[in-house]
>>> print(open('model31.cif').read())   # mmCIF, C-alpha atoms and all ligand atoms
data_run
loop_
_atom_site.label_atom_id
_atom_site.label_comp_id
_atom_site.auth_asym_id
_atom_site.auth_seq_id
_atom_site.Cartn_x
_atom_site.Cartn_y
_atom_site.Cartn_z
CA MET A 457 70.09 153.85 113.26
CA GLN A 458 70.48 151.20 115.94
CA GLN A 459 67.73 148.60 115.85
CA ALA A 460 66.47 146.37 118.63
CA ALA A 461 65.93 142.98 117.03
CA GLY A 462 63.78 141.65 119.82
CA LEU A 463 63.13 141.13 123.50
CA VAL A 464 63.10 138.17 125.87
CA PRO A 465 60.71 139.28 128.61
CA PHE A 466 62.23 137.29 131.46
CA THR A 467 65.52 135.63 132.38
CA SER A 468 67.04 134.55 135.67
CA ILE A 469 70.37 133.40 134.18
CA ASP A 470 71.74 136.25 132.06
CA PHE A 471 72.35 138.87 134.78
CA PRO A 472 73.73 137.48 138.06
CA GLY A 473 71.44 138.21 141.01
CA CYS A 474 68.76 139.87 138.88
CA LEU A 475 65.48 138.92 137.30
CA ALA A 476 65.79 140.66 133.98
CA ALA A 477 64.54 141.20 130.45
CA VAL A 478 67.00 140.83 127.55
CA ILE A 479 67.04 143.20 124.58
CA PHE A 480 68.82 141.87 121.47
CA PHE A 481 70.41 144.49 119.22
CA GLN A 482 70.87 144.03 115.49
CA GLY A 483 74.37 144.06 114.02
CA CYS A 484 77.72 142.45 114.78
CA PRO A 485 81.07 143.08 113.07
CA LEU A 486 82.30 139.56 113.85
CA ARG A 487 81.67 136.30 112.02
CA CYS A 488 82.22 133.68 114.68
CA PRO A 489 81.92 130.26 113.04
CA PHE A 490 79.78 129.01 115.94
CA CYS A 491 77.37 131.98 116.01
CA HIS A 492 73.87 130.99 117.14
CA ASN A 493 72.34 134.26 115.90
CA PRO A 494 73.74 134.88 112.40
CA GLU A 495 70.52 136.69 111.50
CA LEU A 496 71.61 139.39 113.97
CA GLN A 497 74.93 140.02 112.19
CA PRO A 498 73.83 142.36 109.32
CA PHE A 499 73.75 146.05 110.14
CA PRO A 500 71.32 147.48 109.34
CA GLY A 501 69.12 144.40 109.38
CA PRO A 502 65.46 143.67 108.92
CA ALA A 503 62.97 145.76 110.88
CA GLY A 504 63.03 144.56 114.45
CA GLN A 505 60.98 145.55 117.45
CA PRO A 506 60.25 149.28 117.73
CA TRP A 507 62.13 150.89 120.64
CA ASP A 508 58.96 152.60 121.90
CA GLU A 509 57.28 149.22 122.19
CA ILE A 510 60.21 147.89 124.22
CA MET A 511 60.14 150.92 126.51
CA ASP A 512 56.39 150.50 127.02
CA PHE A 513 57.00 146.87 128.01
CA LEU A 514 59.73 147.89 130.46
CA LYS A 515 57.63 150.69 131.97
CA ALA A 516 54.98 148.09 132.78
CA ARG A 517 57.59 145.82 134.46
CA THR A 518 59.39 148.23 136.79
CA LYS A 519 58.02 146.47 139.87
CA ARG A 520 58.53 142.92 138.58
CA LEU A 521 62.02 143.01 137.07
CA ASP A 522 65.30 144.09 138.66
CA GLY A 523 67.27 144.61 135.51
CA VAL A 524 67.69 144.73 131.77
CA VAL A 525 70.40 143.06 129.68
CA PHE A 526 71.67 144.53 126.41
CA SER A 527 72.74 141.65 124.18
CA GLY A 528 73.05 140.92 120.49
CA GLY A 529 74.52 140.86 117.98
CA GLU A 530 76.92 143.39 119.44
CA PRO A 531 75.09 146.09 121.42
CA LEU A 532 78.11 148.42 121.33
CA MET A 533 78.12 148.61 117.52
CA SER A 534 76.35 151.99 117.58
CA ASP A 535 76.84 154.97 119.89
CA GLU A 536 73.05 155.23 120.13
CA ILE A 537 73.39 152.55 122.78
CA ILE A 538 74.41 155.27 125.26
CA GLU A 539 71.08 157.08 124.96
CA LYS A 540 69.18 153.79 125.13
CA ALA A 541 71.07 152.89 128.30
CA ARG A 542 70.12 156.25 129.84
CA GLU A 543 66.45 155.62 129.03
CA VAL A 544 66.49 152.17 130.62
CA LYS A 545 68.36 153.38 133.71
CA GLY A 546 65.88 156.24 133.94
CA LEU A 547 63.19 153.67 134.66
CA GLY A 548 65.16 152.49 137.70
CA PHE A 549 66.49 149.21 136.28
CA LYS A 550 69.96 147.81 136.81
CA LEU A 551 71.69 147.36 133.47
CA ALA A 552 73.96 144.60 132.15
CA ILE A 553 75.65 144.20 128.80
CA HIS A 554 76.90 141.14 126.94
CA THR A 555 79.70 142.14 124.60
CA SER A 556 82.46 140.72 122.43
CA GLY A 557 84.67 143.57 123.61
CA VAL A 558 85.63 144.88 120.17
CA TYR A 559 84.55 148.47 120.94
CA PRO A 560 86.69 149.38 123.98
CA GLU A 561 86.15 153.15 123.77
CA ARG A 562 82.36 152.82 123.58
CA LEU A 563 82.49 150.38 126.47
CA ARG A 564 84.44 152.94 128.50
CA GLU A 565 81.84 155.58 127.72
CA LEU A 566 78.94 153.31 128.66
CA LEU A 567 80.40 151.87 131.87
CA PRO A 568 79.08 154.59 134.24
CA LEU A 569 75.58 153.36 133.32
CA ILE A 570 76.39 149.66 133.63
CA ASP A 571 76.07 147.36 136.65
CA TRP A 572 77.46 144.14 135.18
CA VAL A 573 79.33 143.03 132.05
CA GLY A 574 79.60 139.62 130.41
CA LEU A 575 82.74 139.78 128.22
CA ASP A 576 83.36 137.06 125.64
CA ILE A 577 86.93 135.83 125.40
CA LYS A 578 86.62 133.72 122.32
CA ALA A 579 90.09 132.21 122.09
CA PRO A 580 93.74 132.58 123.07
CA TRP A 581 94.89 135.77 121.39
CA GLU A 582 96.73 134.02 118.52
CA LYS A 583 93.52 132.20 117.49
CA TYR A 584 91.27 135.26 117.59
CA GLU A 585 91.13 135.76 113.84
CA GLU A 586 89.99 132.16 113.32
CA LEU A 587 87.34 132.41 116.02
CA THR A 588 85.95 135.81 115.01
CA GLY A 589 86.39 135.75 111.24
CA ARG A 590 87.98 139.23 111.45
CA PRO A 591 91.59 140.43 111.77
CA ASN A 592 92.98 142.56 114.61
CA MET A 593 90.18 141.90 117.08
CA ALA A 594 92.38 140.47 119.86
CA GLU A 595 93.91 143.92 120.43
CA GLN A 596 90.48 145.47 120.83
CA VAL A 597 89.38 142.84 123.33
CA GLN A 598 92.60 143.31 125.30
CA LYS A 599 91.79 147.02 125.52
CA SER A 600 88.26 146.25 126.73
CA LEU A 601 89.66 143.94 129.39
CA GLN A 602 91.91 146.76 130.54
CA VAL A 603 88.97 149.18 130.62
CA LEU A 604 87.03 146.75 132.82
CA LEU A 605 89.95 145.98 135.11
CA GLU A 606 90.47 149.69 135.70
CA SER A 607 86.78 150.21 136.50
CA LYS A 608 84.76 149.22 139.56
CA VAL A 609 82.15 147.44 137.45
CA ASP A 610 81.58 143.77 138.19
CA PHE A 611 82.25 141.55 135.19
CA GLU A 612 82.61 137.98 134.04
CA ALA A 613 84.90 136.75 131.27
CA ARG A 614 83.50 133.74 129.46
CA THR A 615 84.44 131.35 126.70
CA THR A 616 82.16 129.19 124.58
CA CYS A 617 83.88 125.83 124.18
CA ASP A 618 83.36 124.80 120.55
CA PRO A 619 85.50 121.69 120.04
CA ARG A 620 85.76 122.34 116.29
CA HIS A 621 87.86 125.43 117.01
CA LEU A 622 89.15 125.20 120.58
CA THR A 623 90.80 122.53 122.70
CA PRO A 624 90.93 122.12 126.48
CA ALA A 625 94.56 123.31 126.21
CA ASP A 626 93.20 126.56 124.71
CA THR A 627 90.75 127.14 127.55
CA LEU A 628 93.55 126.56 130.07
CA LYS A 629 95.67 129.08 128.17
CA ILE A 630 92.84 131.62 128.26
CA ALA A 631 92.37 131.05 132.00
CA GLU A 632 96.10 131.63 132.56
CA ILE A 633 96.00 134.87 130.56
CA LEU A 634 92.94 136.14 132.43
CA ASN A 635 94.26 135.11 135.81
CA GLY A 636 97.56 136.79 134.99
CA VAL A 637 95.89 140.16 134.42
CA GLY A 638 93.65 139.91 137.49
CA VAL A 639 90.26 138.80 136.12
CA LYS A 640 88.25 137.49 139.09
CA THR A 641 85.38 135.59 137.45
CA TYR A 642 85.68 133.13 134.58
CA ALA A 643 82.99 130.95 133.00
CA LEU A 644 83.17 128.09 130.52
CA GLN A 645 80.09 127.75 128.37
CA LYS A 646 79.19 124.46 126.75
CA TYR A 647 78.74 124.66 123.00
CA ARG A 648 75.08 123.94 122.26
CA THR A 649 74.11 122.62 118.86
CA PHE A 650 71.19 124.22 117.06
CA ASP A 651 68.90 123.37 114.15
CA THR A 652 70.84 125.07 111.34
CA ASP A 653 74.24 123.83 112.56
CA LYS A 654 75.36 121.83 109.49
CA ASN A 655 78.31 120.08 111.10
CA PRO A 656 77.64 119.75 114.83
CA PRO A 657 80.40 118.37 117.04
CA SER A 658 79.92 115.11 118.92
CA VAL A 659 78.73 115.11 122.51
CA VAL A 660 82.01 113.46 123.53
CA ASP A 661 83.99 116.33 121.99
CA ILE A 662 81.71 118.94 123.55
CA GLU A 663 82.09 117.32 126.98
CA SER A 664 85.88 117.00 126.63
CA PHE A 665 86.26 120.52 128.12
CA PHE A 666 84.31 119.55 131.22
CA THR A 667 86.02 116.34 132.36
CA PRO A 668 87.62 116.47 135.83
CA GLU A 669 91.06 116.25 134.14
CA ALA A 670 90.37 119.21 131.84
CA LEU A 671 88.81 121.34 134.57
CA ALA A 672 91.33 120.67 137.36
CA PRO A 673 94.14 123.00 136.17
CA ILE A 674 91.64 125.79 135.44
CA GLN A 675 90.02 125.37 138.84
CA LYS A 676 93.43 125.81 140.45
CA LEU A 677 93.39 129.31 138.97
CA TYR A 678 89.64 129.77 139.38
CA PRO A 679 88.29 127.72 142.34
CA ASN A 680 84.85 129.20 141.64
CA LEU A 681 84.98 128.51 137.92
CA ILE A 682 81.49 128.73 136.44
CA CYS A 683 80.47 125.94 134.03
CA ARG A 684 77.22 126.32 132.19
S1 LIG B 701 80.11 138.04 118.55
FE1 LIG B 701 78.23 136.91 119.03
S2 LIG B 701 76.66 137.73 117.62
FE2 LIG B 701 78.68 138.33 116.82
S3 LIG B 701 79.19 136.74 115.32
FE3 LIG B 701 80.15 136.20 117.27
S4 LIG B 701 78.68 134.85 118.30
FE4 LIG B 701 77.57 135.92 116.64
#
>>> encode(input="model31.cif", output="structure tokens")
Amino acid sequence: MQQAAGLVPFTSIDFPGCLAAVIFFQGCPLRCPFCHNPELQPFPGPAGQPWDEIMDFLKARTKRLDGVVFSGGEPLMSDEIIEKAREVKGLGFKLAIHTSGVYPERLRELLPLIDWVGLDIKAPWEKYEELTGRPNMAEQVQKSLQVLLESKVDFEARTTCDPRHLTPADTLKIAEILNGVGVKTYALQKYRTFDTDKNPPSVVDIESFFTPEALAPIQKLYPNLICR
């Protein structure tokens, strides 16, 4: 049974153009070495927040929030996400999802209920196994990209720039791949260290992706490149 691990009651940065709440779902099949939420990886995991409680919260916020974001973990890990999406949309909210893209068929099924997608592109395809800790994931993400490109749903592709695993040459390569298949919006996310990070990269290495020299060739492909 799909579990909601918790809720952030308000965000203005996770769903473009919307004031939203974020629901985090338990479970992720990947083992990204830079994961900030490893406690969300096990499936099933520890008891999280009851779904009824989350729905009660959302019912009380219909006039104050525009949208809801499904995040994780990986929200597409269970097909129960479809029913949960229907319930949230039934309250009148717009709905976004943050996904690693490793469940393309479930994404296709969910898309009619979705208003915006944030799709992680973790690495150039040949480095996907290193960056996800699992084999054969690049093919799944390529399928998800195709599903999104064939749909009318607005989406952003984004890469977290962890200098222990990626280089600026990698992010340029990703941008070229995405631009080549027609992705309109690309974002580079700065790796942020956290308390339990045993071997954090240096600030200089983290910033190396965001120098004018590193950004210039990507901005030629994406003049509105998002850096966050
Ligand atoms: S996809 Fe996200 S939640 Fe899953 S292991 Fe990677 S960073 Fe963590």
>>> residues_around(input="model31.cif", residues="range 604-614 of chain A", least_positions_apart="6", cutoff="7 Å", atoms="all atoms listed in the file", output="VMD selection string")
chain A and resid 571 to 577 641 to 645
>>> write_last_selection(input="model31.cif", atoms="C-alpha atoms", output="PDB file, in the frame of the given file")
ATOM      1  CA  ASP A 571      76.070 147.360 136.650  1.00  0.00           C
ATOM      2  CA  TRP A 572      77.460 144.140 135.180  1.00  0.00           C
ATOM      3  CA  VAL A 573      79.330 143.030 132.050  1.00  0.00           C
ATOM      4  CA  GLY A 574      79.600 139.620 130.410  1.00  0.00           C
ATOM      5  CA  LEU A 575      82.740 139.780 128.220  1.00  0.00           C
ATOM      6  CA  ASP A 576      83.360 137.060 125.640  1.00  0.00           C
ATOM      7  CA  ILE A 577      86.930 135.830 125.400  1.00  0.00           C
ATOM      8  CA  THR A 641      85.380 135.590 137.450  1.00  0.00           C
ATOM      9  CA  TYR A 642      85.680 133.130 134.580  1.00  0.00           C
ATOM     10  CA  ALA A 643      82.990 130.950 133.000  1.00  0.00           C
ATOM     11  CA  LEU A 644      83.170 128.090 130.520  1.00  0.00           C
ATOM     12  CA  GLN A 645      80.090 127.750 128.370  1.00  0.00           C
TER      13      GLN A 645
END
>>> residues_around(input="model31.cif", residues="range 597-599 of chain A", least_positions_apart="4", cutoff="6 Å", atoms="all atoms listed in the file", output="ChimeraX atom specification")
/A:557-558,560
>>> residues_near_ligand(input="model31.cif", ligand="ligand LIG 701 (chain B)", cutoff="7 Å", atoms="all atoms listed in the file", output="PyMOL selection string")
chain A and resi 484-488+490-494+496-497+528-530+556+588
>>> residues_around(input="model31.cif", residues="Phe666 in chain A", least_positions_apart="5", cutoff="10 Å", atoms="only C-alpha atoms", output="short mmCIF file (atom, residue, chain, number, x, y, z; two decimals) with C-alpha atoms, in the coordinates of the input")
data_model
loop_
_atom_site.label_atom_id
_atom_site.label_comp_id
_atom_site.auth_asym_id
_atom_site.auth_seq_id
_atom_site.Cartn_x
_atom_site.Cartn_y
_atom_site.Cartn_z
CA CYS A 617 83.88 125.83 124.18
CA PRO A 624 90.93 122.12 126.48
CA LEU A 644 83.17 128.09 130.52
CA GLN A 645 80.09 127.75 128.37
CA LYS A 646 79.19 124.46 126.75
CA ASP A 661 83.99 116.33 121.99
CA LEU A 671 88.81 121.34 134.57
CA ALA A 672 91.33 120.67 137.36
CA CYS A 683 80.47 125.94 134.03
CA ARG A 684 77.22 126.32 132.19
#
>>> atom_distance(input="model31.cif", atom1="CA of Pro673 in chain A", atom2="CA of Pro619 in chain A")
18.3 Å
>>> build_atoms(input="model31.cif", residues="range 490-504 of chain A", atoms="N, CA and C atoms", output="tab-separated table (two decimals), in the coordinates of the input")
chain	number	residue	atom	x	y	z
A	490	PHE	N	80.77	129.72	115.12
A	490	PHE	CA	79.78	129.01	115.94
A	490	PHE	C	78.59	129.88	116.30
A	491	CYS	N	78.42	131.02	115.62
A	491	CYS	CA	77.37	131.98	116.01
A	491	CYS	C	75.97	131.35	115.97
A	492	HIS	N	75.24	131.50	117.07
A	492	HIS	CA	73.87	130.99	117.14
A	492	HIS	C	72.86	131.97	116.53
A	493	ASN	N	73.28	133.22	116.36
A	493	ASN	CA	72.34	134.26	115.90
A	493	ASN	C	72.84	134.96	114.65
A	494	PRO	N	73.18	134.21	113.59
A	494	PRO	CA	73.74	134.88	112.40
A	494	PRO	C	72.78	135.89	111.79
A	495	GLU	N	71.49	135.73	112.04
A	495	GLU	CA	70.52	136.69	111.50
A	495	GLU	C	70.67	138.06	112.16
A	496	LEU	N	71.38	138.10	113.30
A	496	LEU	CA	71.61	139.39	113.97
A	496	LEU	C	72.88	140.07	113.48
A	497	GLN	N	73.65	139.43	112.62
A	497	GLN	CA	74.93	140.02	112.19
A	497	GLN	C	74.76	141.23	111.26
A	498	PRO	N	73.89	141.21	110.25
A	498	PRO	CA	73.83	142.36	109.32
A	498	PRO	C	73.45	143.66	110.03
A	499	PHE	N	74.06	144.74	109.55
A	499	PHE	CA	73.75	146.05	110.14
A	499	PHE	C	73.72	147.09	109.03
A	500	PRO	N	72.61	147.72	108.70
A	500	PRO	CA	71.32	147.48	109.34
A	500	PRO	C	70.74	146.14	108.92
A	501	GLY	N	69.77	145.67	109.69
A	501	GLY	CA	69.12	144.40	109.38
A	501	GLY	C	67.64	144.61	109.12
A	502	PRO	N	66.90	143.53	109.12
A	502	PRO	CA	65.46	143.67	108.92
A	502	PRO	C	64.81	144.43	110.07
A	503	ALA	N	63.65	145.00	109.82
A	503	ALA	CA	62.97	145.76	110.88
A	503	ALA	C	62.78	144.87	112.09
A	504	GLY	N	63.18	145.35	113.24
A	504	GLY	CA	63.03	144.56	114.45
A	504	GLY	C	61.85	145.04	115.27
